[in-house]
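Below is model_14.cif, holding mmCIF, C-alpha atoms.
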data_work
#
loop_
_atom_site.group_PDB
_atom_site.id
_atom_site.type_symbol
_atom_site.label_atom_id
_atom_site.label_comp_id
_atom_site.auth_asym_id
_atom_site.auth_seq_id
_atom_site.Cartn_x
_atom_site.Cartn_y
_atom_site.Cartn_z
ATOM 1 C CA MET V 1 6.218 3.030 20.741
ATOM 2 C CA LYS V 2 2.928 1.257 21.230
ATOM 3 C CA ASP V 3 2.150 -2.273 20.097
ATOM 4 C CA LEU V 4 0.092 -2.178 16.896
ATOM 5 C CA THR V 5 -0.740 -5.886 16.824
ATOM 6 C CA ASN V 6 -4.416 -6.616 16.173
ATOM 7 C CA SER V 7 -6.589 -9.418 14.773
ATOM 8 C CA ASN V 8 -5.130 -8.997 11.255
ATOM 9 C CA VAL V 9 -1.526 -7.877 11.730
ATOM 10 C CA ILE V 10 1.448 -8.352 13.987
ATOM 11 C CA HIS V 11 3.951 -5.684 15.021
ATOM 12 C CA ILE V 12 7.551 -6.905 14.880
ATOM 13 C CA LYS V 13 10.060 -4.968 17.002
ATOM 14 C CA ARG V 14 13.754 -5.312 16.281
ATOM 15 C CA LYS V 15 16.636 -3.208 17.610
ATOM 16 C CA GLU V 16 17.264 -1.543 14.237
ATOM 17 C CA ILE V 17 13.857 -1.696 12.563
ATOM 18 C CA GLU V 18 10.155 -2.243 13.252
ATOM 19 C CA TYR V 19 7.472 -3.346 10.840
ATOM 20 C CA ILE V 20 3.956 -4.673 10.372
ATOM 21 C CA GLN V 21 3.119 -8.068 8.849
ATOM 22 C CA PHE V 22 -0.232 -9.577 7.900
ATOM 23 C CA LYS V 23 -1.155 -12.795 9.683
ATOM 24 C CA LYS V 24 -2.835 -14.083 6.513
ATOM 25 C CA LEU V 25 0.295 -13.663 4.405
ATOM 26 C CA LEU V 26 2.412 -15.274 7.129
ATOM 27 C CA GLU V 27 0.470 -18.472 6.434
ATOM 28 C CA TYR V 28 2.527 -18.558 3.228
ATOM 29 C CA SER V 29 5.872 -17.534 4.739
ATOM 30 C CA ASP V 30 7.572 -20.465 3.006
ATOM 31 C CA ILE V 31 6.643 -18.878 -0.352
ATOM 32 C CA ILE V 32 6.653 -15.124 0.202
ATOM 33 C CA GLU V 33 8.050 -12.430 2.473
ATOM 34 C CA HIS V 34 6.520 -9.050 3.165
ATOM 35 C CA CYS V 35 6.412 -6.107 5.570
ATOM 36 C CA TYR V 36 5.363 -2.481 6.064
ATOM 37 C CA THR V 37 7.934 -0.391 7.905
ATOM 38 C CA LEU V 38 7.574 1.941 10.870
ATOM 39 C CA ARG V 39 9.609 5.106 11.433
ATOM 40 C CA LYS V 40 11.651 3.875 14.418
ATOM 41 C CA ASN V 41 15.362 4.856 14.396
ATOM 42 C CA GLU V 42 14.795 7.355 11.568
ATOM 43 C CA THR V 43 13.793 4.584 9.213
ATOM 44 C CA ASP V 44 12.836 6.571 6.139
ATOM 45 C CA PHE V 45 12.527 5.586 2.467
ATOM 46 C CA ARG V 46 12.134 9.038 0.985
ATOM 47 C CA LYS V 47 14.769 10.064 -1.549
ATOM 48 C CA TYR V 48 17.015 12.755 -0.087
ATOM 49 C CA GLU V 49 19.529 14.244 -2.468
ATOM 50 C CA GLY V 50 23.104 13.912 -1.346
ATOM 51 C CA LYS V 51 22.301 11.638 1.608
ATOM 52 C CA ASP V 52 22.757 7.902 2.119
ATOM 53 C CA ILE V 53 19.673 7.519 4.345
ATOM 54 C CA LEU V 54 17.764 5.581 1.689
ATOM 55 C CA GLU V 55 20.534 3.054 1.057
ATOM 56 C CA LYS V 56 21.147 2.632 4.791
ATOM 57 C CA ASN V 57 17.507 1.840 5.465
ATOM 58 C CA TYR V 58 17.117 -0.553 2.537
ATOM 59 C CA LYS V 59 20.191 -2.373 3.836
ATOM 60 C CA LYS V 60 18.451 -2.669 7.212
ATOM 61 C CA LEU V 61 15.595 -4.430 5.437
ATOM 62 C CA ALA V 62 17.948 -6.611 3.403
ATOM 63 C CA LYS V 63 19.703 -7.719 6.583
ATOM 64 C CA GLU V 64 16.422 -8.397 8.408
ATOM 65 C CA PHE V 65 14.875 -10.442 5.596
ATOM 66 C CA LYS V 66 18.105 -11.868 4.170
ATOM 67 C CA PHE V 67 17.692 -10.706 0.597
ATOM 68 C CA GLU V 68 20.255 -9.149 -1.733
ATOM 69 C CA TYR V 69 20.241 -5.342 -1.735
ATOM 70 C CA GLY V 70 20.605 -5.388 -5.517
ATOM 71 C CA ASN V 71 17.307 -7.291 -5.884
ATOM 72 C CA ILE V 72 15.188 -4.317 -4.786
ATOM 73 C CA ILE V 73 12.865 -2.973 -7.480
ATOM 74 C CA ARG V 74 11.631 0.511 -6.694
ATOM 75 C CA PRO V 75 9.745 2.567 -9.277
ATOM 76 C CA PHE V 76 9.447 6.325 -9.535
ATOM 77 C CA GLN V 77 5.897 6.842 -8.238
ATOM 78 C CA THR V 78 3.723 9.689 -9.508
ATOM 79 C CA HIS V 79 0.162 8.714 -8.472
ATOM 80 C CA THR V 80 -0.598 7.042 -11.806
ATOM 81 C CA ASP V 81 -2.504 3.850 -12.620
ATOM 82 C CA ASN V 82 0.542 2.423 -14.419
ATOM 83 C CA ILE V 83 1.423 -1.130 -13.407
ATOM 84 C CA VAL V 84 4.452 -3.084 -14.625
ATOM 85 C CA SER V 85 4.522 -6.879 -14.900
ATOM 86 C CA ILE V 86 7.980 -8.333 -14.298
ATOM 87 C CA LYS V 87 8.462 -11.730 -15.940
ATOM 88 C CA ASN V 88 10.863 -13.742 -18.057
ATOM 89 C CA ASN V 89 13.722 -11.379 -17.159
ATOM 90 C CA GLU V 90 12.276 -8.791 -19.541
ATOM 91 C CA GLU V 91 13.716 -5.278 -19.406
ATOM 92 C CA ILE V 92 11.330 -2.929 -17.605
ATOM 93 C CA LYS V 93 10.867 0.811 -17.293
ATOM 94 C CA LEU V 94 10.147 2.123 -13.808
ATOM 95 C CA ASP V 95 9.363 5.779 -14.485
ATOM 96 C CA LYS V 96 5.843 6.921 -13.566
ATOM 97 C CA VAL V 97 4.877 3.497 -12.183
ATOM 98 C CA ASP V 98 2.678 2.873 -9.124
ATOM 99 C CA GLY V 99 2.245 -0.882 -9.244
ATOM 100 C CA LEU V 100 4.468 -3.935 -9.653
ATOM 101 C CA ILE V 101 3.529 -7.567 -10.328
ATOM 102 C CA THR V 102 5.835 -10.568 -10.676
ATOM 103 C CA ASN V 103 6.074 -14.344 -10.636
ATOM 104 C CA GLU V 104 9.869 -14.254 -10.454
ATOM 105 C CA LYS V 105 11.675 -15.221 -7.272
ATOM 106 C CA ASP V 106 13.814 -12.800 -5.290
ATOM 107 C CA LYS V 107 12.465 -9.691 -7.011
ATOM 108 C CA VAL V 108 11.835 -7.442 -3.992
ATOM 109 C CA LEU V 109 8.912 -5.201 -4.929
ATOM 110 C CA SER V 110 9.193 -1.963 -2.930
ATOM 111 C CA LEU V 111 6.908 1.061 -3.020
ATOM 112 C CA THR V 112 6.811 3.982 -0.598
ATOM 113 C CA TYR V 113 3.921 5.563 1.279
ATOM 114 C CA ALA V 114 2.967 8.380 3.630
ATOM 115 C CA ASP V 115 -0.823 7.944 4.110
ATOM 116 C CA CYS V 116 -1.582 6.379 0.700
ATOM 117 C CA ILE V 117 -2.899 2.816 0.652
ATOM 118 C CA PRO V 118 -0.391 -0.029 0.241
ATOM 119 C CA VAL V 119 -2.132 -2.948 -1.440
ATOM 120 C CA TYR V 120 -0.434 -6.343 -1.285
ATOM 121 C CA MET V 121 -1.774 -9.027 -3.616
ATOM 122 C CA PHE V 122 -0.869 -12.702 -3.726
ATOM 123 C CA ASP V 123 -2.117 -15.676 -5.716
ATOM 124 C CA PRO V 124 -0.857 -18.789 -3.896
ATOM 125 C CA ASN V 125 -1.860 -21.074 -6.786
ATOM 126 C CA LYS V 126 0.012 -19.245 -9.536
ATOM 127 C CA LYS V 127 2.642 -17.883 -7.125
ATOM 128 C CA VAL V 128 2.267 -14.286 -8.208
ATOM 129 C CA VAL V 129 2.715 -11.200 -6.004
ATOM 130 C CA ALA V 130 1.821 -7.538 -6.511
ATOM 131 C CA ASN V 131 2.590 -4.311 -4.678
ATOM 132 C CA ILE V 132 0.239 -1.429 -5.461
ATOM 133 C CA HIS V 133 0.376 2.245 -4.427
ATOM 134 C CA SER V 134 -3.192 3.548 -4.202
ATOM 135 C CA GLY V 135 -3.445 7.115 -2.974
ATOM 136 C CA TRP V 136 -6.680 8.984 -3.523
ATOM 137 C CA LYS V 137 -5.716 9.623 -7.144
ATOM 138 C CA GLY V 138 -4.846 5.963 -7.647
ATOM 139 C CA THR V 139 -8.111 4.928 -6.025
ATOM 140 C CA VAL V 140 -10.105 7.199 -8.348
ATOM 141 C CA GLN V 141 -8.193 5.624 -11.245
ATOM 142 C CA LYS V 142 -9.076 2.155 -9.885
ATOM 143 C CA ILE V 143 -5.462 1.016 -9.764
ATOM 144 C CA SER V 144 -6.293 -1.932 -7.448
ATOM 145 C CA GLU V 145 -8.925 -3.199 -9.873
ATOM 146 C CA LYS V 146 -6.515 -2.785 -12.782
ATOM 147 C CA ALA V 147 -3.852 -4.743 -10.874
ATOM 148 C CA VAL V 148 -6.202 -7.697 -10.431
ATOM 149 C CA LYS V 149 -7.124 -7.611 -14.113
ATOM 150 C CA GLN V 150 -3.425 -7.502 -15.036
ATOM 151 C CA MET V 151 -2.685 -10.488 -12.774
ATOM 152 C CA ILE V 152 -5.404 -12.357 -14.660
ATOM 153 C CA SER V 153 -4.282 -11.296 -18.154
ATOM 154 C CA ASP V 154 -0.504 -11.555 -17.668
ATOM 155 C CA PHE V 155 -0.249 -14.485 -15.259
ATOM 156 C CA GLU V 156 -3.542 -16.396 -15.678
ATOM 157 C CA CYS V 157 -4.544 -15.815 -12.059
ATOM 158 C CA ASP V 158 -8.047 -16.675 -10.866
ATOM 159 C CA VAL V 159 -9.747 -13.786 -9.072
ATOM 160 C CA LYS V 160 -11.183 -16.174 -6.472
ATOM 161 C CA ASN V 161 -7.676 -17.218 -5.410
ATOM 162 C CA ILE V 162 -6.232 -13.726 -5.002
ATOM 163 C CA ILE V 163 -5.520 -12.546 -1.465
ATOM 164 C CA CYS V 164 -5.473 -8.779 -0.968
ATOM 165 C CA CYS V 165 -4.051 -7.095 2.134
ATOM 166 C CA ILE V 166 -4.638 -3.378 2.619
ATOM 167 C CA GLY V 167 -1.877 -1.829 4.690
ATOM 168 C CA PRO V 168 -1.712 1.158 7.072
ATOM 169 C CA SER V 169 -3.094 4.349 5.512
ATOM 170 C CA ILE V 170 -5.118 7.476 6.233
ATOM 171 C CA CYS V 171 -8.532 6.812 7.781
ATOM 172 C CA LYS V 172 -11.839 8.453 6.902
ATOM 173 C CA LYS V 173 -11.878 10.988 9.752
ATOM 174 C CA HIS V 174 -8.518 12.422 8.634
ATOM 175 C CA PHE V 175 -9.069 12.317 4.866
ATOM 176 C CA GLU V 176 -10.758 15.701 4.688
ATOM 177 C CA VAL V 177 -11.280 17.065 1.152
ATOM 178 C CA ASP V 178 -13.076 19.820 -0.698
ATOM 179 C CA GLU V 179 -16.003 19.391 -3.054
ATOM 180 C CA ASP V 180 -13.841 19.059 -6.184
ATOM 181 C CA VAL V 181 -12.164 15.877 -4.906
ATOM 182 C CA MET V 182 -15.426 14.503 -3.519
ATOM 183 C CA LEU V 183 -17.071 14.933 -6.932
ATOM 184 C CA GLN V 184 -14.320 12.891 -8.574
ATOM 185 C CA PHE V 185 -15.045 10.006 -6.210
ATOM 186 C CA LYS V 186 -18.782 10.422 -6.695
ATOM 187 C CA LYS V 187 -18.503 10.301 -10.479
ATOM 188 C CA VAL V 188 -16.301 7.170 -10.534
ATOM 189 C CA PHE V 189 -17.998 5.143 -7.795
ATOM 190 C CA GLU V 190 -21.642 6.107 -8.207
ATOM 191 C CA TYR V 191 -22.190 2.689 -9.817
ATOM 192 C CA THR V 192 -21.749 1.016 -6.421
ATOM 193 C CA ASN V 193 -24.918 2.647 -5.049
ATOM 194 C CA ARG V 194 -23.085 2.787 -1.695
ATOM 195 C CA LEU V 195 -21.597 6.268 -1.645
ATOM 196 C CA ASP V 196 -23.412 7.069 1.601
ATOM 197 C CA GLU V 197 -21.200 4.450 3.279
ATOM 198 C CA VAL V 198 -17.941 6.050 2.196
ATOM 199 C CA ILE V 199 -18.538 9.798 1.828
ATOM 200 C CA GLU V 200 -19.649 12.019 4.699
ATOM 201 C CA SER V 201 -20.044 15.803 4.816
ATOM 202 C CA LYS V 202 -19.533 18.024 7.854
ATOM 203 C CA ILE V 203 -19.130 21.695 8.705
ATOM 204 C CA ASN V 204 -15.649 22.102 10.181
ATOM 205 C CA SER V 205 -14.582 24.393 13.035
ATOM 206 C CA GLU V 206 -14.117 27.274 10.587
ATOM 207 C CA GLY V 207 -17.674 26.952 9.324
ATOM 208 C CA VAL V 208 -16.629 25.440 5.979
ATOM 209 C CA LYS V 209 -18.284 22.371 4.486
ATOM 210 C CA LYS V 210 -15.797 19.534 4.065
ATOM 211 C CA TYR V 211 -16.044 15.927 2.934
ATOM 212 C CA TYR V 212 -14.579 12.818 4.541
ATOM 213 C CA ILE V 213 -13.910 9.765 2.374
ATOM 214 C CA ASP V 214 -13.206 6.168 3.372
ATOM 215 C CA THR V 215 -10.742 5.118 0.665
ATOM 216 C CA VAL V 216 -10.050 1.748 2.301
ATOM 217 C CA LYS V 217 -13.713 0.802 2.123
ATOM 218 C CA ILE V 218 -13.918 2.020 -1.477
ATOM 219 C CA ASN V 219 -11.053 -0.320 -2.397
ATOM 220 C CA ARG V 220 -12.790 -3.195 -0.620
ATOM 221 C CA MET V 221 -16.063 -2.513 -2.433
ATOM 222 C CA MET V 222 -14.274 -2.279 -5.776
ATOM 223 C CA LEU V 223 -12.395 -5.551 -5.268
ATOM 224 C CA GLU V 224 -15.434 -7.441 -3.999
ATOM 225 C CA GLN V 225 -17.422 -6.297 -7.019
ATOM 226 C CA LEU V 226 -14.593 -7.594 -9.208
ATOM 227 C CA GLY V 227 -14.958 -11.045 -7.670
ATOM 228 C CA LEU V 228 -12.463 -11.272 -4.815
ATOM 229 C CA LYS V 229 -13.804 -13.216 -1.862
ATOM 230 C CA PRO V 230 -14.620 -10.873 1.053
ATOM 231 C CA GLU V 231 -12.622 -13.069 3.424
ATOM 232 C CA ASN V 232 -9.589 -12.685 1.144
ATOM 233 C CA ILE V 233 -9.554 -8.902 1.566
ATOM 234 C CA ILE V 234 -7.807 -8.128 4.850
ATOM 235 C CA GLU V 235 -7.424 -4.635 6.301
ATOM 236 C CA SER V 236 -4.651 -3.594 8.664
ATOM 237 C CA GLN V 237 -7.097 -1.472 10.713
ATOM 238 C CA ILE V 238 -4.265 1.038 11.251
ATOM 239 C CA CYS V 239 -4.379 4.753 10.390
ATOM 240 C CA THR V 240 -1.027 6.405 9.661
ATOM 241 C CA VAL V 241 -2.284 9.813 10.800
ATOM 242 C CA CYS V 242 -3.736 8.571 14.107
ATOM 243 C CA ASN V 243 -0.435 6.730 14.632
ATOM 244 C CA ASN V 244 1.901 9.438 13.354
ATOM 245 C CA LYS V 245 4.458 8.721 16.074
ATOM 246 C CA GLU V 246 4.819 5.241 14.597
ATOM 247 C CA PHE V 247 4.440 5.995 10.868
ATOM 248 C CA HIS V 248 5.418 8.753 8.476
ATOM 249 C CA SER V 249 2.321 10.746 7.491
ATOM 250 C CA TYR V 250 2.124 13.483 4.887
ATOM 251 C CA ARG V 251 -1.183 14.741 6.302
ATOM 252 C CA ALA V 252 0.462 15.157 9.724
ATOM 253 C CA ASP V 253 3.991 16.236 8.754
ATOM 254 C CA LYS V 254 3.374 17.984 5.395
ATOM 255 C CA GLU V 255 6.485 18.531 3.245
ATOM 256 C CA LYS V 256 8.751 17.323 6.063
ATOM 257 C CA SER V 257 7.198 13.866 5.919
ATOM 258 C CA GLY V 258 9.377 10.828 5.387
ATOM 259 C CA ARG V 259 8.211 7.634 3.709
ATOM 260 C CA ASN V 260 7.324 4.146 4.909
ATOM 261 C CA THR V 261 7.929 1.261 2.531
ATOM 262 C CA ALA V 262 5.941 -1.855 1.744
ATOM 263 C CA ILE V 263 7.850 -4.804 0.347
ATOM 264 C CA ILE V 264 6.702 -8.175 -0.916
ATOM 265 C CA TYR V 265 8.594 -10.852 -2.813
ATOM 266 C CA LEU V 266 8.637 -14.534 -3.678
ATOM 267 C CA LYS V 267 11.359 -16.537 -1.993
#
Take the structure in this file and express it as structure tokens.
Amino acid sequence: MKDLTNSNVIHIKRKEIEYIQFKKLLEYSDIIEHCYTLRKNETDFRKYEGKDILEKNYKKLAKEFKFEYGNIIRPFQTHTDNIVSIKNNEEIKLDKVDGLITNEKDKVLSLTYADCIPVYMFDPNKKVVANIHSGWKGTVQKISEKAVKQMISDFECDVKNIICCIGPSICKKHFEVDEDVMLQFKKVFEYTNRLDEVIESKINSEGVKKYYIDTVKINRMMLEQLGLKPENIIESQICTVCNNKEFHSYRADKEKSGRNTAIIYLK
């Protein structure tokens, strides 16, 4: 497997598991822990009925990062804009949830991905972390923006202190869609006056007009407009489709695709 280290992330290679970490978040490694997993050694976080693959792989992570297996919080994701705040040991419901926020220690926030955008958020002043699943449907629903607003309302975070790291996901050249999806993006993000930067049309090899959308850049634009500092929005610069040998990718593997996981938690 190739080394995926670049100016923003490092690629950690262990015997049992490999993962990506953001250099920016490692500046706070005394406060938080995080990673985005690769598919080495059949590391897969998709739920398979009747198999113990999921438990085995979460235990790999627990061993690597020295957290309790029972501290993992994993919602049932359905491409919604629903975000749950975990605080004061309140009872929470995890059905149809695509975002988690907490200021509690040792709550391991885990969401799964196969081309969708993993969005890590961290406020070092208030010591609050978030893990957000933003596929194209979540992006159209502005789930990243809603997560920031929820960090502000529920935890009194200041938008200028929030660090946002955008993990490995599908890149523009592989996110090919039809006009119906393009029009959803156009309707929601027309206010930016920058659609020409994120939506491109081409005639494919079959002579059909298709559209290519840069969902990472859309998330950056949305967050900057909300008030996050540009330097506090860090992109992994890694495409899961281009690097399908390293990451699970639904676009590449279709229904057979496994799942990568992103975790973040306060120590």
With 12 Å as the cut-off and all atoms listed in the file counted, what is the closest atom pair between each nearby residue of stretch 31-57 of chain V and stretch 126-148 of chain V? Distances in Å to one decimal, ordered by chain and number, as CSV.
residue,atom,partner,partner_atom,distance
V:Ile31,CA,V:Lys127,CA,7.9
V:Ile32,CA,V:Val129,CA,8.3
V:Glu33,CA,V:Val129,CA,10.1
V:His34,CA,V:Asn131,CA,10.0
V:Cys35,CA,V:Asn131,CA,11.1
V:Tyr36,CA,V:Asn131,CA,11.2
*If the PyMOL selection byres ((chain V and resi 245-262) around 10) is run on the structure shown, which residues does it catch, given as number ranges by chain?*
V: 1-4, 18-21, 34-40, 42-48, 54, 58, 61, 74, 108-116, 118-120, 131-133, 167-170, 174-176, 239-244, 263-264
If you keep C-alpha atoms, can you produce a file of those selected residues as a PDB file, in the frame of the given file?
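After the write, selection.pdb holds the following:
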ATOM      1  CA  MET V   1       6.218   3.030  20.741  1.00  0.00           C
ATOM      2  CA  LYS V   2       2.928   1.257  21.230  1.00  0.00           C
ATOM      3  CA  ASP V   3       2.150  -2.273  20.097  1.00  0.00           C
ATOM      4  CA  LEU V   4       0.092  -2.178  16.896  1.00  0.00           C
ATOM      5  CA  GLU V  18      10.155  -2.243  13.252  1.00  0.00           C
ATOM      6  CA  TYR V  19       7.472  -3.346  10.840  1.00  0.00           C
ATOM      7  CA  ILE V  20       3.956  -4.673  10.372  1.00  0.00           C
ATOM      8  CA  GLN V  21       3.119  -8.068   8.849  1.00  0.00           C
ATOM      9  CA  HIS V  34       6.520  -9.050   3.165  1.00  0.00           C
ATOM     10  CA  CYS V  35       6.412  -6.107   5.570  1.00  0.00           C
ATOM     11  CA  TYR V  36       5.363  -2.481   6.064  1.00  0.00           C
ATOM     12  CA  THR V  37       7.934  -0.391   7.905  1.00  0.00           C
ATOM     13  CA  LEU V  38       7.574   1.941  10.870  1.00  0.00           C
ATOM     14  CA  ARG V  39       9.609   5.106  11.433  1.00  0.00           C
ATOM     15  CA  LYS V  40      11.651   3.875  14.418  1.00  0.00           C
ATOM     16  CA  GLU V  42      14.795   7.355  11.568  1.00  0.00           C
ATOM     17  CA  THR V  43      13.793   4.584   9.213  1.00  0.00           C
ATOM     18  CA  ASP V  44      12.836   6.571   6.139  1.00  0.00           C
ATOM     19  CA  PHE V  45      12.527   5.586   2.467  1.00  0.00           C
ATOM     20  CA  ARG V  46      12.134   9.038   0.985  1.00  0.00           C
ATOM     21  CA  LYS V  47      14.769  10.064  -1.549  1.00  0.00           C
ATOM     22  CA  TYR V  48      17.015  12.755  -0.087  1.00  0.00           C
ATOM     23  CA  LEU V  54      17.764   5.581   1.689  1.00  0.00           C
ATOM     24  CA  TYR V  58      17.117  -0.553   2.537  1.00  0.00           C
ATOM     25  CA  LEU V  61      15.595  -4.430   5.437  1.00  0.00           C
ATOM     26  CA  ARG V  74      11.631   0.511  -6.694  1.00  0.00           C
ATOM     27  CA  VAL V 108      11.835  -7.442  -3.992  1.00  0.00           C
ATOM     28  CA  LEU V 109       8.912  -5.201  -4.929  1.00  0.00           C
ATOM     29  CA  SER V 110       9.193  -1.963  -2.930  1.00  0.00           C
ATOM     30  CA  LEU V 111       6.908   1.061  -3.020  1.00  0.00           C
ATOM     31  CA  THR V 112       6.811   3.982  -0.598  1.00  0.00           C
ATOM     32  CA  TYR V 113       3.921   5.563   1.279  1.00  0.00           C
ATOM     33  CA  ALA V 114       2.967   8.380   3.630  1.00  0.00           C
ATOM     34  CA  ASP V 115      -0.823   7.944   4.110  1.00  0.00           C
ATOM     35  CA  CYS V 116      -1.582   6.379   0.700  1.00  0.00           C
ATOM     36  CA  PRO V 118      -0.391  -0.029   0.241  1.00  0.00           C
ATOM     37  CA  VAL V 119      -2.132  -2.948  -1.440  1.00  0.00           C
ATOM     38  CA  TYR V 120      -0.434  -6.343  -1.285  1.00  0.00           C
ATOM     39  CA  ASN V 131       2.590  -4.311  -4.678  1.00  0.00           C
ATOM     40  CA  ILE V 132       0.239  -1.429  -5.461  1.00  0.00           C
ATOM     41  CA  HIS V 133       0.376   2.245  -4.427  1.00  0.00           C
ATOM     42  CA  GLY V 167      -1.877  -1.829   4.690  1.00  0.00           C
ATOM     43  CA  PRO V 168      -1.712   1.158   7.072  1.00  0.00           C
ATOM     44  CA  SER V 169      -3.094   4.349   5.512  1.00  0.00           C
ATOM     45  CA  ILE V 170      -5.118   7.476   6.233  1.00  0.00           C
ATOM     46  CA  HIS V 174      -8.518  12.422   8.634  1.00  0.00           C
ATOM     47  CA  PHE V 175      -9.069  12.317   4.866  1.00  0.00           C
ATOM     48  CA  GLU V 176     -10.758  15.701   4.688  1.00  0.00           C
ATOM     49  CA  CYS V 239      -4.379   4.753  10.390  1.00  0.00           C
ATOM     50  CA  THR V 240      -1.027   6.405   9.661  1.00  0.00           C
ATOM     51  CA  VAL V 241      -2.284   9.813  10.800  1.00  0.00           C
ATOM     52  CA  CYS V 242      -3.736   8.571  14.107  1.00  0.00           C
ATOM     53  CA  ASN V 243      -0.435   6.730  14.632  1.00  0.00           C
ATOM     54  CA  ASN V 244       1.901   9.438  13.354  1.00  0.00           C
ATOM     55  CA  ILE V 263       7.850  -4.804   0.347  1.00  0.00           C
ATOM     56  CA  ILE V 264       6.702  -8.175  -0.916  1.00  0.00           C
TER      57      ILE V 264
END
*Determine, counting all atoms listed in the file, which protein, DNA and RNA residues have an atom within 12 Å of an atom of V:Glu235; residues of the same chain fewer than 6 positions away are not included. Present the result as a ChimeraX atom specification.*
/V:6-9,21-24,117-120,163-169,171,215-217,219-220
*Would you please work out which residue, of V:Asp52, V:Glu197, V:Asp158, V:Glu91, is nearest to V:Met221 when using only C-alpha atoms?*
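Looking at the shortest contact to V:Met221, the residue is V:Glu197.
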Resolved residues for the PyMOL selection byres ((chain V and resi 185-189) around 9) as an mmCIF file with C-alpha atoms, keeping the file's coordinate frame:
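Below is the file part-v1.cif, written as the result:
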data_model
loop_
_atom_site.group_PDB
_atom_site.id
_atom_site.type_symbol
_atom_site.label_atom_id
_atom_site.label_comp_id
_atom_site.auth_asym_id
_atom_site.auth_seq_id
_atom_site.Cartn_x
_atom_site.Cartn_y
_atom_site.Cartn_z
ATOM 1 C CA TRP V 136 -6.680 8.984 -3.523
ATOM 2 C CA THR V 139 -8.111 4.928 -6.025
ATOM 3 C CA VAL V 140 -10.105 7.199 -8.348
ATOM 4 C CA GLN V 141 -8.193 5.624 -11.245
ATOM 5 C CA LYS V 142 -9.076 2.155 -9.885
ATOM 6 C CA VAL V 181 -12.164 15.877 -4.906
ATOM 7 C CA MET V 182 -15.426 14.503 -3.519
ATOM 8 C CA LEU V 183 -17.071 14.933 -6.932
ATOM 9 C CA GLN V 184 -14.320 12.891 -8.574
ATOM 10 C CA GLU V 190 -21.642 6.107 -8.207
ATOM 11 C CA TYR V 191 -22.190 2.689 -9.817
ATOM 12 C CA THR V 192 -21.749 1.016 -6.421
ATOM 13 C CA ASN V 193 -24.918 2.647 -5.049
ATOM 14 C CA ARG V 194 -23.085 2.787 -1.695
ATOM 15 C CA LEU V 195 -21.597 6.268 -1.645
ATOM 16 C CA ILE V 199 -18.538 9.798 1.828
ATOM 17 C CA ILE V 213 -13.910 9.765 2.374
ATOM 18 C CA ILE V 218 -13.918 2.020 -1.477
ATOM 19 C CA MET V 222 -14.274 -2.279 -5.776
#
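Residue nearest V:Ile101, chosen from V:Lys149, V:Ile17, V:Glu64, V:Ile203 and counting only C-alpha atoms: V:Lys149.
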Once 6 Å is added on each side, what centre and edge lengths in Å to one decimal does the axis-aligned box around all listed atoms of stretch 180-196 of chain V have, as AutoDock Vina command-line options?
--center_x -18.5 --center_y 10.0 --center_z -4.5 --size_x 24.8 --size_y 30.0 --size_z 24.1
_Ranking V:Phe67, V:Val84, V:Tyr212, V:Lys160 by minimum distance to V:Gln225 and counting all atoms listed in the file, which one comes first?_
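Looking at the shortest contact to V:Gln225, the residue is V:Lys160.
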_Between atom CA of V:Asp106 and atom CA of V:Leu266, distance in Å (one decimal)_ =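 Interatomic distance here is 5.7 Å.
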*When distances are computed from all atoms listed in the file, which of V:Phe122, V:Tyr28, V:Phe76, V:Phe65 shows the smallest separation from V:Arg14?*
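Checking each of V:Phe122, V:Tyr28, V:Phe76, V:Phe65 against V:Arg14, counting all atoms listed in the file, the winner is V:Phe65.
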*Could you please determine the separation between atom CA of V:Lys107 and atom CA of V:Lys66 in Å, to one decimal place?*
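Separating atom CA of V:Lys107 from atom CA of V:Lys66 is a distance of 12.7 Å.
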Show which residues sit within 12 Å of V:Val208, as a compact mmCIF listing (two decimals) with C-alpha atoms, in the frame of the given file. Count only C-alpha atoms, and ignore same-chain residues fewer than 2 positions away.
# COMPACT_ATOMS: atom_id res chain seq x y z
CA GLU V 176 -10.76 15.70 4.69
CA VAL V 177 -11.28 17.07 1.15
CA ASP V 178 -13.08 19.82 -0.70
CA GLU V 179 -16.00 19.39 -3.05
CA SER V 201 -20.04 15.80 4.82
CA LYS V 202 -19.53 18.02 7.85
CA ILE V 203 -19.13 21.70 8.70
CA ASN V 204 -15.65 22.10 10.18
CA SER V 205 -14.58 24.39 13.04
CA GLU V 206 -14.12 27.27 10.59
CA LYS V 210 -15.80 19.53 4.07
CA TYR V 211 -16.04 15.93 2.93
*Please measure the separation of atom CA of V:Pro124 and atom CA of V:Ile162, giving the value in Å to one decimal.*
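These two atoms are separated by 7.5 Å.
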_Need the shell around V:Lys87: protein/DNA/RNA residues with any atom at most 7 Å away, counting all atoms listed in the file. Skip same-chain ones fewer than 3 positions apart. Format as number ranges by chain?_
V: 90, 102-104
*Counting all atoms listed in the file, what is within 8 Å of V:Asn82, bar same-chain residues fewer than 3 positions away, as a PyMOL selection string?*
chain V and resi 96-99+143
Mind writing the picked residues with C-alpha atoms as a PDB file, in the coordinates of the input?
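part07.pdb, freshly written:
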ATOM      1  CA  LYS V  96       5.843   6.921 -13.566  1.00  0.00           C
ATOM      2  CA  VAL V  97       4.877   3.497 -12.183  1.00  0.00           C
ATOM      3  CA  ASP V  98       2.678   2.873  -9.124  1.00  0.00           C
ATOM      4  CA  GLY V  99       2.245  -0.882  -9.244  1.00  0.00           C
ATOM      5  CA  ILE V 143      -5.462   1.016  -9.764  1.00  0.00           C
TER       6      ILE V 143
END
_Close residues, V:Cys157 itself excluded, 7 Å, all atoms listed in the file, min 4 positions apart in chain, as number ranges by chain_ = V: 123, 126, 151-152
With C-alpha atoms retained, write the just-selected residues as a compact mmCIF listing (two decimals), in the coordinates of the input.
# COMPACT_ATOMS: atom_id res chain seq x y z
CA ASP V 123 -2.12 -15.68 -5.72
CA LYS V 126 0.01 -19.24 -9.54
CA MET V 151 -2.68 -10.49 -12.77
CA ILE V 152 -5.40 -12.36 -14.66
